[in-house]
$ cat work18.cif   # mmCIF, N, CA and C atoms
data_my_file
loop_
_atom_site.label_atom_id
_atom_site.label_comp_id
_atom_site.auth_asym_id
_atom_site.auth_seq_id
_atom_site.Cartn_x
_atom_site.Cartn_y
_atom_site.Cartn_z
N MET H 1 10.04 -25.31 -3.48
CA MET H 1 9.56 -23.96 -3.70
C MET H 1 9.69 -23.58 -5.17
N THR H 2 10.74 -24.02 -5.84
CA THR H 2 10.94 -23.68 -7.25
C THR H 2 9.77 -24.15 -8.10
N GLU H 3 9.29 -25.35 -7.83
CA GLU H 3 8.15 -25.89 -8.57
C GLU H 3 6.90 -25.03 -8.37
N MET H 4 6.67 -24.60 -7.15
CA MET H 4 5.52 -23.73 -6.87
C MET H 4 5.69 -22.37 -7.56
N MET H 5 6.89 -21.82 -7.53
CA MET H 5 7.16 -20.53 -8.18
C MET H 5 6.89 -20.63 -9.68
N ASN H 6 7.39 -21.69 -10.31
CA ASN H 6 7.21 -21.87 -11.75
C ASN H 6 5.73 -22.04 -12.11
N ALA H 7 5.01 -22.81 -11.30
CA ALA H 7 3.58 -23.03 -11.55
C ALA H 7 2.81 -21.71 -11.40
N TYR H 8 3.13 -20.95 -10.39
CA TYR H 8 2.47 -19.66 -10.19
C TYR H 8 2.76 -18.72 -11.36
N ASN H 9 4.01 -18.58 -11.70
CA ASN H 9 4.41 -17.65 -12.75
C ASN H 9 3.79 -18.03 -14.10
N ALA H 10 3.69 -19.31 -14.38
CA ALA H 10 3.11 -19.77 -15.64
C ALA H 10 1.63 -19.44 -15.74
N ARG H 11 0.94 -19.37 -14.62
CA ARG H 11 -0.50 -19.15 -14.62
C ARG H 11 -0.92 -17.71 -14.32
N SER H 12 -0.02 -16.91 -13.80
CA SER H 12 -0.36 -15.55 -13.38
C SER H 12 -0.74 -14.67 -14.58
N ALA H 13 -1.81 -13.92 -14.43
CA ALA H 13 -2.25 -12.99 -15.47
C ALA H 13 -1.41 -11.71 -15.44
N ALA H 14 -0.70 -11.48 -14.36
CA ALA H 14 0.13 -10.28 -14.22
C ALA H 14 1.60 -10.64 -14.33
N HIS H 15 2.36 -9.77 -14.95
CA HIS H 15 3.80 -9.98 -15.04
C HIS H 15 4.57 -8.83 -14.40
N THR H 16 3.82 -7.91 -13.83
CA THR H 16 4.40 -6.82 -13.07
C THR H 16 3.77 -6.87 -11.68
N TYR H 17 4.59 -6.58 -10.68
CA TYR H 17 4.14 -6.64 -9.29
C TYR H 17 4.43 -5.30 -8.62
N ALA H 18 3.47 -4.83 -7.85
CA ALA H 18 3.67 -3.64 -7.03
C ALA H 18 3.88 -4.13 -5.61
N LEU H 19 5.10 -4.08 -5.15
CA LEU H 19 5.45 -4.55 -3.82
C LEU H 19 5.41 -3.37 -2.86
N GLY H 20 4.56 -3.47 -1.87
CA GLY H 20 4.43 -2.43 -0.85
C GLY H 20 5.18 -2.82 0.40
N PHE H 21 5.75 -1.82 1.06
CA PHE H 21 6.48 -2.07 2.30
C PHE H 21 6.55 -0.77 3.10
N VAL H 22 6.82 -0.93 4.39
CA VAL H 22 6.95 0.20 5.30
C VAL H 22 8.42 0.36 5.65
N CYS H 23 8.89 1.60 5.58
CA CYS H 23 10.26 1.93 5.98
C CYS H 23 10.24 3.33 6.57
N GLY H 24 10.74 3.45 7.78
CA GLY H 24 10.80 4.76 8.42
C GLY H 24 9.45 5.41 8.63
N GLY H 25 8.42 4.63 8.86
CA GLY H 25 7.09 5.18 9.10
C GLY H 25 6.33 5.56 7.85
N ASN H 26 6.90 5.29 6.69
CA ASN H 26 6.25 5.59 5.41
C ASN H 26 6.01 4.31 4.62
N VAL H 27 5.01 4.37 3.75
CA VAL H 27 4.69 3.26 2.86
C VAL H 27 5.24 3.57 1.48
N TYR H 28 5.89 2.58 0.90
CA TYR H 28 6.48 2.71 -0.43
C TYR H 28 5.91 1.62 -1.34
N ALA H 29 5.99 1.87 -2.65
CA ALA H 29 5.63 0.86 -3.65
C ALA H 29 6.75 0.77 -4.66
N GLN H 30 7.18 -0.44 -4.94
CA GLN H 30 8.21 -0.68 -5.93
C GLN H 30 7.67 -1.63 -6.97
N LYS H 31 7.71 -1.23 -8.24
CA LYS H 31 7.30 -2.14 -9.32
C LYS H 31 8.47 -3.08 -9.61
N LEU H 32 8.13 -4.38 -9.72
CA LEU H 32 9.13 -5.42 -9.97
C LEU H 32 8.57 -6.44 -10.95
N ASN H 33 9.44 -7.12 -11.66
CA ASN H 33 8.98 -8.27 -12.43
C ASN H 33 9.07 -9.50 -11.53
N PHE H 34 8.64 -10.65 -12.03
CA PHE H 34 8.59 -11.85 -11.19
C PHE H 34 9.97 -12.26 -10.68
N ALA H 35 10.96 -12.21 -11.56
CA ALA H 35 12.32 -12.61 -11.16
C ALA H 35 12.84 -11.71 -10.04
N GLU H 36 12.58 -10.42 -10.15
CA GLU H 36 13.02 -9.48 -9.11
C GLU H 36 12.27 -9.73 -7.80
N LEU H 37 10.97 -9.95 -7.90
CA LEU H 37 10.15 -10.21 -6.71
C LEU H 37 10.58 -11.49 -6.01
N SER H 38 10.98 -12.49 -6.80
CA SER H 38 11.29 -13.81 -6.23
C SER H 38 12.48 -13.76 -5.26
N ARG H 39 13.28 -12.72 -5.30
CA ARG H 39 14.39 -12.57 -4.35
C ARG H 39 13.87 -12.51 -2.90
N TYR H 40 12.60 -12.14 -2.74
CA TYR H 40 12.03 -11.92 -1.41
C TYR H 40 11.08 -13.04 -1.00
N PHE H 41 11.06 -14.15 -1.73
CA PHE H 41 10.18 -15.26 -1.39
C PHE H 41 10.76 -16.09 -0.25
N LYS H 42 9.88 -16.52 0.62
CA LYS H 42 10.22 -17.43 1.71
C LYS H 42 9.20 -18.57 1.70
N LEU H 43 9.71 -19.78 1.86
CA LEU H 43 8.82 -20.93 1.96
C LEU H 43 8.27 -20.97 3.37
N ASP H 44 6.97 -21.14 3.47
CA ASP H 44 6.30 -21.15 4.77
C ASP H 44 5.29 -22.29 4.75
N ARG H 45 4.69 -22.55 5.86
CA ARG H 45 3.66 -23.59 5.95
C ARG H 45 2.47 -23.07 6.72
N ALA H 46 1.30 -23.49 6.28
CA ALA H 46 0.08 -23.20 7.04
C ALA H 46 0.14 -24.05 8.31
N SER H 47 -0.59 -23.64 9.31
CA SER H 47 -0.62 -24.43 10.54
C SER H 47 -1.22 -25.80 10.26
N SER H 48 -0.89 -26.77 11.09
CA SER H 48 -1.43 -28.11 10.89
C SER H 48 -2.95 -28.09 11.00
N LYS H 49 -3.49 -27.21 11.80
CA LYS H 49 -4.94 -27.07 11.94
C LYS H 49 -5.58 -26.62 10.62
N ARG H 50 -4.82 -25.85 9.80
CA ARG H 50 -5.32 -25.35 8.52
C ARG H 50 -4.86 -26.21 7.35
N GLY H 51 -4.24 -27.35 7.63
CA GLY H 51 -3.87 -28.27 6.56
C GLY H 51 -2.38 -28.49 6.38
N GLY H 52 -1.55 -27.62 6.93
CA GLY H 52 -0.10 -27.79 6.87
C GLY H 52 0.52 -27.68 5.49
N PHE H 53 -0.23 -27.16 4.53
CA PHE H 53 0.29 -27.07 3.17
C PHE H 53 1.38 -26.00 3.05
N ALA H 54 2.24 -26.17 2.06
CA ALA H 54 3.32 -25.22 1.81
C ALA H 54 2.76 -23.97 1.15
N LYS H 55 3.37 -22.85 1.44
CA LYS H 55 2.97 -21.60 0.81
C LYS H 55 4.20 -20.71 0.62
N ILE H 56 4.11 -19.83 -0.34
CA ILE H 56 5.18 -18.87 -0.58
C ILE H 56 4.72 -17.53 -0.04
N ARG H 57 5.56 -16.96 0.80
CA ARG H 57 5.28 -15.68 1.43
C ARG H 57 6.34 -14.68 0.96
N ILE H 58 5.97 -13.42 0.86
CA ILE H 58 6.91 -12.35 0.52
C ILE H 58 7.38 -11.73 1.83
N LYS H 59 8.68 -11.73 2.03
CA LYS H 59 9.22 -11.24 3.29
C LYS H 59 10.49 -10.44 3.04
N LEU H 60 10.45 -9.17 3.37
CA LEU H 60 11.60 -8.29 3.22
C LEU H 60 12.35 -8.15 4.54
N SER H 61 13.65 -8.10 4.46
CA SER H 61 14.45 -7.81 5.65
C SER H 61 14.49 -6.29 5.81
N SER H 62 14.97 -5.82 6.93
CA SER H 62 15.10 -4.37 7.12
C SER H 62 16.10 -3.80 6.12
N LYS H 63 17.12 -4.56 5.78
CA LYS H 63 18.09 -4.11 4.77
C LYS H 63 17.42 -4.00 3.40
N ASP H 64 16.58 -4.99 3.05
CA ASP H 64 15.84 -4.95 1.78
C ASP H 64 14.96 -3.70 1.71
N ARG H 65 14.23 -3.43 2.80
CA ARG H 65 13.34 -2.26 2.83
C ARG H 65 14.12 -0.97 2.66
N ALA H 66 15.25 -0.86 3.34
CA ALA H 66 16.08 0.35 3.24
C ALA H 66 16.61 0.54 1.82
N GLU H 67 17.07 -0.55 1.19
CA GLU H 67 17.58 -0.46 -0.18
C GLU H 67 16.47 -0.11 -1.17
N LEU H 68 15.33 -0.78 -1.06
CA LEU H 68 14.23 -0.53 -1.99
C LEU H 68 13.67 0.88 -1.84
N SER H 69 13.69 1.41 -0.62
CA SER H 69 13.11 2.75 -0.40
C SER H 69 13.86 3.83 -1.18
N GLN H 70 15.08 3.53 -1.60
CA GLN H 70 15.87 4.51 -2.36
C GLN H 70 15.32 4.73 -3.77
N THR H 71 14.66 3.72 -4.32
CA THR H 71 14.14 3.83 -5.69
C THR H 71 12.62 3.69 -5.77
N ALA H 72 11.98 3.32 -4.70
CA ALA H 72 10.54 3.09 -4.69
C ALA H 72 9.76 4.41 -4.65
N GLU H 73 8.51 4.32 -5.02
CA GLU H 73 7.61 5.48 -4.96
C GLU H 73 7.07 5.63 -3.54
N LEU H 74 7.20 6.82 -2.98
CA LEU H 74 6.64 7.11 -1.66
C LEU H 74 5.13 7.25 -1.82
N ILE H 75 4.39 6.44 -1.10
CA ILE H 75 2.94 6.44 -1.19
C ILE H 75 2.33 7.32 -0.11
N GLY H 76 2.89 7.28 1.09
CA GLY H 76 2.36 8.09 2.18
C GLY H 76 2.77 7.54 3.53
N ALA H 77 2.16 8.07 4.54
CA ALA H 77 2.43 7.64 5.92
C ALA H 77 1.89 6.24 6.16
N GLU H 78 2.54 5.53 7.05
CA GLU H 78 2.14 4.16 7.39
C GLU H 78 0.67 4.08 7.81
N SER H 79 0.15 5.14 8.35
CA SER H 79 -1.24 5.16 8.82
C SER H 79 -2.26 4.90 7.70
N LEU H 80 -1.89 5.11 6.46
CA LEU H 80 -2.84 4.86 5.37
C LEU H 80 -3.19 3.38 5.26
N LEU H 81 -2.33 2.51 5.80
CA LEU H 81 -2.61 1.07 5.76
C LEU H 81 -3.73 0.67 6.71
N THR H 82 -4.03 1.52 7.65
CA THR H 82 -5.12 1.24 8.60
C THR H 82 -6.21 2.31 8.53
N ALA H 83 -6.18 3.12 7.47
CA ALA H 83 -7.11 4.24 7.34
C ALA H 83 -8.57 3.79 7.28
N ASP H 84 -8.82 2.67 6.63
CA ASP H 84 -10.17 2.13 6.51
C ASP H 84 -10.21 0.83 7.32
N SER H 85 -10.80 0.89 8.49
CA SER H 85 -10.78 -0.27 9.39
C SER H 85 -11.63 -1.43 8.89
N ALA H 86 -12.45 -1.20 7.86
CA ALA H 86 -13.25 -2.28 7.29
C ALA H 86 -12.40 -3.20 6.41
N HIS H 87 -11.17 -2.77 6.09
CA HIS H 87 -10.30 -3.55 5.22
C HIS H 87 -8.95 -3.77 5.88
N ASN H 88 -8.26 -4.84 5.46
CA ASN H 88 -6.94 -5.12 6.02
C ASN H 88 -5.88 -4.23 5.36
N LYS H 89 -4.65 -4.34 5.83
CA LYS H 89 -3.57 -3.47 5.33
C LYS H 89 -3.33 -3.66 3.83
N GLY H 90 -3.35 -4.91 3.38
CA GLY H 90 -3.14 -5.18 1.96
C GLY H 90 -4.23 -4.57 1.10
N GLU H 91 -5.46 -4.66 1.54
CA GLU H 91 -6.58 -4.06 0.81
C GLU H 91 -6.47 -2.53 0.80
N ASN H 92 -6.10 -1.95 1.93
CA ASN H 92 -5.91 -0.50 1.98
C ASN H 92 -4.78 -0.06 1.05
N PHE H 93 -3.72 -0.85 0.96
CA PHE H 93 -2.62 -0.54 0.07
C PHE H 93 -3.08 -0.64 -1.39
N GLU H 94 -3.81 -1.69 -1.71
CA GLU H 94 -4.33 -1.86 -3.07
C GLU H 94 -5.26 -0.70 -3.44
N ARG H 95 -6.12 -0.28 -2.53
CA ARG H 95 -7.01 0.86 -2.75
C ARG H 95 -6.21 2.11 -3.07
N GLU H 96 -5.19 2.36 -2.27
CA GLU H 96 -4.37 3.55 -2.45
C GLU H 96 -3.69 3.55 -3.82
N LEU H 97 -3.13 2.41 -4.22
CA LEU H 97 -2.47 2.34 -5.53
C LEU H 97 -3.47 2.46 -6.67
N THR H 98 -4.60 1.81 -6.55
CA THR H 98 -5.62 1.88 -7.60
C THR H 98 -6.04 3.32 -7.84
N GLU H 99 -6.32 4.03 -6.77
CA GLU H 99 -6.82 5.40 -6.90
C GLU H 99 -5.71 6.38 -7.27
N ARG H 100 -4.46 6.03 -6.99
CA ARG H 100 -3.32 6.88 -7.34
C ARG H 100 -2.88 6.64 -8.79
N TRP H 101 -2.84 5.39 -9.21
CA TRP H 101 -2.29 5.03 -10.52
C TRP H 101 -3.32 4.97 -11.64
N THR H 102 -4.61 4.93 -11.29
CA THR H 102 -5.67 4.89 -12.30
C THR H 102 -6.70 5.97 -11.97
N SER H 103 -7.66 6.13 -12.83
CA SER H 103 -8.74 7.10 -12.56
C SER H 103 -9.94 6.40 -11.93
N GLU H 104 -9.76 5.15 -11.54
CA GLU H 104 -10.84 4.35 -10.99
C GLU H 104 -10.95 4.47 -9.47
N THR H 105 -12.16 4.26 -9.00
CA THR H 105 -12.38 4.14 -7.56
C THR H 105 -12.24 2.66 -7.23
N TRP H 106 -11.45 2.34 -6.21
CA TRP H 106 -11.21 0.95 -5.85
C TRP H 106 -12.46 0.31 -5.28
N VAL H 107 -12.69 -0.94 -5.68
CA VAL H 107 -13.77 -1.76 -5.15
C VAL H 107 -13.16 -3.12 -4.84
N LYS H 108 -13.39 -3.60 -3.64
CA LYS H 108 -12.85 -4.92 -3.26
C LYS H 108 -13.47 -5.99 -4.15
N ASP H 109 -12.61 -6.87 -4.64
CA ASP H 109 -13.10 -7.98 -5.45
C ASP H 109 -12.33 -9.24 -5.07
N SER H 110 -12.67 -10.33 -5.70
CA SER H 110 -11.96 -11.58 -5.42
C SER H 110 -11.59 -12.26 -6.74
N VAL H 111 -11.11 -11.46 -7.69
CA VAL H 111 -10.67 -11.99 -8.98
C VAL H 111 -9.37 -12.75 -8.75
N PRO H 112 -9.31 -14.03 -9.15
CA PRO H 112 -8.10 -14.82 -8.92
C PRO H 112 -6.91 -14.33 -9.75
N PHE H 113 -5.71 -14.60 -9.27
CA PHE H 113 -4.49 -14.12 -9.92
C PHE H 113 -4.32 -14.66 -11.33
N TRP H 114 -4.93 -15.79 -11.65
CA TRP H 114 -4.79 -16.38 -12.98
C TRP H 114 -5.79 -15.77 -13.98
N VAL H 115 -6.70 -14.94 -13.51
CA VAL H 115 -7.67 -14.27 -14.38
C VAL H 115 -7.23 -12.85 -14.71
N ALA H 116 -6.78 -12.11 -13.69
CA ALA H 116 -6.36 -10.72 -13.89
C ALA H 116 -5.50 -10.27 -12.72
N GLY H 117 -4.75 -9.20 -12.94
CA GLY H 117 -4.00 -8.59 -11.85
C GLY H 117 -4.96 -7.80 -10.96
N ASP H 118 -4.43 -7.17 -9.94
CA ASP H 118 -5.25 -6.36 -9.05
C ASP H 118 -5.56 -4.99 -9.63
N ILE H 119 -4.65 -4.50 -10.46
CA ILE H 119 -4.79 -3.18 -11.08
C ILE H 119 -4.40 -3.30 -12.55
N ARG H 120 -5.08 -2.58 -13.41
CA ARG H 120 -4.66 -2.49 -14.81
C ARG H 120 -4.28 -1.03 -15.08
N VAL H 121 -3.01 -0.82 -15.45
CA VAL H 121 -2.49 0.51 -15.75
C VAL H 121 -1.97 0.50 -17.18
N ASP H 122 -2.57 1.32 -18.03
CA ASP H 122 -2.18 1.40 -19.43
C ASP H 122 -2.13 0.01 -20.08
N GLY H 123 -3.13 -0.82 -19.79
CA GLY H 123 -3.22 -2.15 -20.36
C GLY H 123 -2.35 -3.20 -19.70
N GLU H 124 -1.56 -2.81 -18.72
CA GLU H 124 -0.67 -3.73 -18.03
C GLU H 124 -1.31 -4.23 -16.73
N GLU H 125 -1.37 -5.55 -16.60
CA GLU H 125 -1.90 -6.16 -15.38
C GLU H 125 -0.83 -6.12 -14.30
N ILE H 126 -1.19 -5.59 -13.12
CA ILE H 126 -0.25 -5.48 -12.01
C ILE H 126 -0.85 -6.17 -10.79
N GLN H 127 -0.08 -7.09 -10.22
CA GLN H 127 -0.48 -7.77 -8.99
C GLN H 127 0.09 -6.98 -7.82
N VAL H 128 -0.74 -6.66 -6.85
CA VAL H 128 -0.33 -5.86 -5.70
C VAL H 128 -0.09 -6.77 -4.50
N LYS H 129 1.08 -6.63 -3.90
CA LYS H 129 1.43 -7.42 -2.72
C LYS H 129 2.10 -6.53 -1.70
N LEU H 130 1.75 -6.71 -0.46
CA LEU H 130 2.35 -5.99 0.66
C LEU H 130 3.33 -6.92 1.36
N ASP H 131 4.42 -6.39 1.85
CA ASP H 131 5.42 -7.17 2.59
C ASP H 131 4.71 -8.05 3.62
N GLY H 132 5.04 -9.32 3.62
CA GLY H 132 4.43 -10.27 4.55
C GLY H 132 3.28 -11.05 3.94
N ALA H 133 2.84 -10.67 2.75
CA ALA H 133 1.69 -11.31 2.11
C ALA H 133 2.04 -12.69 1.57
N GLU H 134 1.03 -13.52 1.47
CA GLU H 134 1.17 -14.82 0.82
C GLU H 134 1.04 -14.61 -0.68
N LEU H 135 1.97 -15.17 -1.43
CA LEU H 135 1.89 -15.12 -2.89
C LEU H 135 0.93 -16.19 -3.38
N THR H 136 1.17 -17.42 -2.97
CA THR H 136 0.31 -18.54 -3.34
C THR H 136 0.60 -19.71 -2.41
N ASN H 137 -0.14 -20.80 -2.61
CA ASN H 137 0.09 -21.99 -1.79
C ASN H 137 -0.18 -23.24 -2.60
N GLU H 138 0.26 -24.37 -2.08
CA GLU H 138 0.11 -25.67 -2.76
C GLU H 138 -1.34 -25.98 -3.09
N ARG H 139 -2.22 -25.70 -2.18
CA ARG H 139 -3.63 -26.05 -2.36
C ARG H 139 -4.23 -25.29 -3.55
N THR H 140 -3.93 -23.99 -3.65
CA THR H 140 -4.45 -23.19 -4.76
C THR H 140 -3.87 -23.68 -6.08
N LEU H 141 -2.56 -23.90 -6.11
CA LEU H 141 -1.92 -24.34 -7.35
C LEU H 141 -2.43 -25.71 -7.81
N ALA H 142 -2.71 -26.61 -6.87
CA ALA H 142 -3.24 -27.92 -7.22
C ALA H 142 -4.66 -27.78 -7.78
N ARG H 143 -5.43 -26.87 -7.23
CA ARG H 143 -6.82 -26.67 -7.67
C ARG H 143 -6.89 -26.13 -9.09
N ILE H 144 -5.94 -25.29 -9.50
CA ILE H 144 -6.00 -24.68 -10.82
C ILE H 144 -5.15 -25.40 -11.88
N ALA H 145 -4.45 -26.45 -11.46
CA ALA H 145 -3.56 -27.18 -12.40
C ALA H 145 -4.33 -27.85 -13.51
#
$ encode --input "work18.cif" --output "structure tokens"
Amino acid sequence: MTEMMNAYNARSAAHTYALGFVCGGNVYAQKLNFAELSRYFKLDRASSKRGGFAKIRIKLSSKDRAELSQTAELIGAESLLTADSAHNKGENFERELTERWTSETWVKDSVPFWVAGDIRVDGEEIQVKLDGAELTNERTLARIA
């Protein structure tokens, strides 16, 4: 996992991460750097049907969520993650942050993490991740090496 983390961090266009999570029925966002975010990494594997490759997933414990909620920004009720049924929870979270933190209207895109972050705030590239999201995987890192 360390090798994958180092490869990802070396190639990422963002050095700040907005980690979203649900605690007590509310959605929060906590800005973290890579080292801080890495505390919540878990090594996982894709199913054998999908290739069985290793991947890094972000996974918070209930204790982590409770601790982070003390300093994180309250974004709103958990229902905002499913407010737009045309998009998944991560996309809805990214939309909410984009429209809250910038003057831009969010538009779904597929810009890779090595080109730009999900949001640019005051010139700073920010990668948006929701608890449970995949950070990267072996296949992607091998493709961009």
$ atom_distance --input "work18.cif" --atom1 "atom N of Asn137 (chain H)" --atom2 "CA of Ala116 (chain H)"
16.4 Å
$ resolve_selection --input "work18.cif" --expression "the PyMOL selection byres ((chain H and resi 58-61) around 6.5)" --output "PyMOL selection string"
chain H and resi 40-42+56-57+62-66+130-135
$ closest_residue --input "work18.cif" --among "H:Leu32, H:Leu19, H:Ala54, H:Met1" --to "Gly90 (chain H)" --atoms "only C-alpha atoms"
H:Leu19
$ resolve_selection --input "work18.cif" --expression "the PyMOL selection byres ((chain H and resi 53) around 6.5)" --output "list of chain:residue names"
H:Asp44, H:Arg45, H:Ala46, H:Ser47, H:Arg50, H:Gly51, H:Gly52, H:Ala54, H:Lys55, H:Asn137, H:Glu138, H:Arg139
$ write_last_selection --input "work18.cif" --atoms "N, CA and C atoms" --output "JSON list (two decimals), in the frame of the given file"
[["chain", "number", "residue", "atom", "x", "y", "z"],
["H", 44, "ASP", "N", 6.97, -21.14, 3.47],
["H", 44, "ASP", "CA", 6.30, -21.15, 4.77],
["H", 44, "ASP", "C", 5.29, -22.29, 4.75],
["H", 45, "ARG", "N", 4.69, -22.55, 5.86],
["H", 45, "ARG", "CA", 3.66, -23.59, 5.95],
["H", 45, "ARG", "C", 2.47, -23.07, 6.72],
["H", 46, "ALA", "N", 1.30, -23.49, 6.28],
["H", 46, "ALA", "CA", 0.08, -23.20, 7.04],
["H", 46, "ALA", "C", 0.14, -24.05, 8.31],
["H", 47, "SER", "N", -0.59, -23.64, 9.31],
["H", 47, "SER", "CA", -0.62, -24.43, 10.54],
["H", 47, "SER", "C", -1.22, -25.80, 10.26],
["H", 50, "ARG", "N", -4.82, -25.85, 9.80],
["H", 50, "ARG", "CA", -5.32, -25.35, 8.52],
["H", 50, "ARG", "C", -4.86, -26.21, 7.35],
["H", 51, "GLY", "N", -4.24, -27.35, 7.63],
["H", 51, "GLY", "CA", -3.87, -28.27, 6.56],
["H", 51, "GLY", "C", -2.38, -28.49, 6.38],
["H", 52, "GLY", "N", -1.55, -27.62, 6.93],
["H", 52, "GLY", "CA", -0.10, -27.79, 6.87],
["H", 52, "GLY", "C", 0.52, -27.68, 5.49],
["H", 54, "ALA", "N", 2.24, -26.17, 2.06],
["H", 54, "ALA", "CA", 3.32, -25.22, 1.81],
["H", 54, "ALA", "C", 2.76, -23.97, 1.15],
["H", 55, "LYS", "N", 3.37, -22.85, 1.44],
["H", 55, "LYS", "CA", 2.97, -21.60, 0.81],
["H", 55, "LYS", "C", 4.20, -20.71, 0.62],
["H", 137, "ASN", "N", -0.14, -20.80, -2.61],
["H", 137, "ASN", "CA", 0.09, -21.99, -1.79],
["H", 137, "ASN", "C", -0.18, -23.24, -2.60],
["H", 138, "GLU", "N", 0.26, -24.37, -2.08],
["H", 138, "GLU", "CA", 0.11, -25.67, -2.76],
["H", 138, "GLU", "C", -1.34, -25.98, -3.09],
["H", 139, "ARG", "N", -2.22, -25.70, -2.18],
["H", 139, "ARG", "CA", -3.63, -26.05, -2.36],
["H", 139, "ARG", "C", -4.23, -25.29, -3.55]]
$ select_by_dssp --input "work18.cif" --residues "region 3-137 of chain H" --states "strand (DSSP E or B)" --output "MDAnalysis selection string"
chainID H and resid 16:23 26:33 41:45 54:58 73:77 119:121 124:130 134:137
$ atom_distance --input "work18.cif" --atom1 "CA of Asn9 (chain H)" --atom2 "atom N of Thr98 (chain H)"
22.3 Å
$ atom_distance --input "work18.cif" --atom1 "CA of Ser110 (chain H)" --atom2 "atom N of Ala142 (chain H)"
17.7 Å
$ select_by_dssp --input "work18.cif" --residues "chain H" --states "alpha helix (DSSP H)" --output "VMD selection string"
chain H and resid 2 to 11 34 to 37 62 to 68 89 to 101 138 to 144
$ residues_around --input "work18.cif" --residues "Tyr8 (chain H)" --least-positions-apart "4" --cutoff "8 Å" --atoms "only C-alpha atoms" --output "list in words"
Met4, Ser12, Thr136 and Leu141 of chain H
$ axis_aligned_box --input "work18.cif" --around "region 46-62 of chain H" --padding-each-side "4 Å" --output "JSON"
{"center_x": 5.3, "center_y": -16.1, "center_z": 5.7, "size_x": 29.7, "size_y": 32.7, "size_z": 20.5}
$ closest_residue --input "work18.cif" --among "H:Ile144, H:Val27, H:Asn6, H:Thr16" --to "Lys89 (chain H)" --atoms "only C-alpha atoms"
H:Val27
$ closest_residue --input "work18.cif" --among "H:Glu78, H:Asp84, H:Glu3, H:Glu125" --to "Asn26 (chain H)" --atoms "all atoms listed in the file"
H:Glu78
$ resolve_selection --input "work18.cif" --expression "the PyMOL selection byres (((chain H and resi 119-121 and name CA) around 10) and name CA)" --output "PyMOL selection string"
chain H and resi 14+17-18+94-95+97-99+101-104+106+116-118+122-128
$ closest_residue --input "work18.cif" --among "H:His87, H:Lys108, H:His15, H:Lys49" --to "Leu37 (chain H)" --atoms "only C-alpha atoms"
H:His15
